[in-house]
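For reference, the structure discussed in these notes is given below.
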Amino acid sequence: MNRNEFIVRCAACLGLTGIAVALPGCSSARYIDATIDGSVMLLPLSAFDVVDKSGNTKALNYVVAQNEKLEYPISVFRLPNGDYSALLMRCTHQGTELQVFGDRLQCPAHGSEFTNRGVVANGPADTNLRMFPLKLDGNTLRVNLS
Ligand code: FES
């Protein structure tokens, strides 16, 4: 299943059930059109914010950043220790675009799984994901793509 099929599937399950829990990855996946300045991707922390029905703001555990300059999207995770990780969503087995489910990235081609730190959790992939260095600059994450 590619990203477009996944999005359609999520939309279909939400439409049929009216709730956001039908698929594990549906309830919190957010795609962001990220800004790229030279070799740096800029991602405001507000990209993680979501307002619930009661008006309370919560932070998503991850967002998926995309830009026409990127061959693959980049998933950016908020980690429990307050750090962030930015991972290229390209499977290291044969290059299929990964999907995010909770705190894992999964490959629809042959089933490899990676943690939110890019470490191989299940093969056949045997190489960790590309992780980009990043730093927090005020309320903006600066992800170094070089
Ligand atoms: S391409 Fe991802 S597991 Fe084979």
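By order of appearance in the structure tokens: chains A, B, ..., then residues from 1 within every chain, and ligands from 1 in the order shown.
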
At most 12 Å from ligand 1 (only C-alpha atoms and all ligand atoms): residue list as a ChimeraX atom specification: /A:1-2,89-99,105-114,120-129

Nearest to Gly82 of chain A by atom-to-atom distance, counting only C-alpha atoms, from A:Leu145, A:Val40, A:Ala29, A:Leu136: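 Smallest separation from Gly82 of chain A among the options: A:Leu136.
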
Closest atom pairs, residues of segment 44-86 of chain A within 9 Å of segment 33-36 of chain A, only C-alpha atoms, as a tab-separated table:
residue	atom	partner	partner_atom	distance
A:Pro44	CA	A:Ala34	CA	8.9
A:Val64	CA	A:Asp33	CA	8.7
A:Ala65	CA	A:Ala34	CA	5.6
A:Gln66	CA	A:Asp33	CA	5.2
A:Asn67	CA	A:Asp33	CA	5.7
A:Glu68	CA	A:Asp33	CA	8.8
A:Lys69	CA	A:Ile36	CA	8.1

Any chance you can output those residues with N, CA, C and O atoms as a PDB file, in the first residue's frame?
ATOM      1  N   PRO A  44       7.871  24.190  12.338  1.00  0.00           N
ATOM      2  CA  PRO A  44       7.442  24.830  13.582  1.00  0.00           C
ATOM      3  C   PRO A  44       6.880  23.789  14.546  1.00  0.00           C
ATOM      4  O   PRO A  44       6.214  22.836  14.132  1.00  0.00           O
ATOM      5  N   VAL A  64       4.487  13.959   9.628  1.00  0.00           N
ATOM      6  CA  VAL A  64       5.196  13.539   8.421  1.00  0.00           C
ATOM      7  C   VAL A  64       5.394  14.780   7.559  1.00  0.00           C
ATOM      8  O   VAL A  64       4.419  15.397   7.119  1.00  0.00           O
ATOM      9  N   ALA A  65       6.657  15.142   7.373  1.00  0.00           N
ATOM     10  CA  ALA A  65       6.991  16.339   6.600  1.00  0.00           C
ATOM     11  C   ALA A  65       7.244  15.950   5.151  1.00  0.00           C
ATOM     12  O   ALA A  65       7.919  14.958   4.869  1.00  0.00           O
ATOM     13  N   GLN A  66       6.677  16.739   4.260  1.00  0.00           N
ATOM     14  CA  GLN A  66       6.893  16.493   2.840  1.00  0.00           C
ATOM     15  C   GLN A  66       7.164  17.819   2.139  1.00  0.00           C
ATOM     16  O   GLN A  66       6.761  18.877   2.605  1.00  0.00           O
ATOM     17  N   ASN A  67       7.847  17.713   1.022  1.00  0.00           N
ATOM     18  CA  ASN A  67       8.197  18.876   0.218  1.00  0.00           C
ATOM     19  C   ASN A  67       8.569  18.339  -1.154  1.00  0.00           C
ATOM     20  O   ASN A  67       9.139  17.249  -1.257  1.00  0.00           O
ATOM     21  N   GLU A  68       8.255  19.089  -2.191  1.00  0.00           N
ATOM     22  CA  GLU A  68       8.545  18.613  -3.550  1.00  0.00           C
ATOM     23  C   GLU A  68      10.024  18.366  -3.770  1.00  0.00           C
ATOM     24  O   GLU A  68      10.412  17.620  -4.675  1.00  0.00           O
ATOM     25  N   LYS A  69      10.879  18.958  -2.951  1.00  0.00           N
ATOM     26  CA  LYS A  69      12.325  18.735  -3.078  1.00  0.00           C
ATOM     27  C   LYS A  69      12.771  17.418  -2.462  1.00  0.00           C
ATOM     28  O   LYS A  69      13.904  16.989  -2.670  1.00  0.00           O
TER      29      LYS A  69
END

Test item, alpha helix (DSSP H) assignment across segment 8-114 of chain A, answer as a VMD selection string: chain A and resid 8 to 17

A:Asn116, A:Thr57, A:Ser85, A:Thr140 ranked by distance to Arg104 of chain A, top pick (using only C-alpha atoms):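 Between A:Asn116, A:Thr57, A:Ser85, A:Thr140, the residue approaching Arg104 of chain A most closely is A:Asn116.
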
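Taking only C-alpha atoms into account, Ser146 of chain A lies nearest to A:Leu134 out of the set A:Val119, A:Val76, A:Leu134, A:Val50.
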
In chain A, DSSP strand (DSSP E) residues written as a ChimeraX atom specification: /A:31-33,35-37,40-44,49-51,57-59,62-66,74-78,84-88,99-101,104-106,113-115,120-122,131-132,134-137,140-144
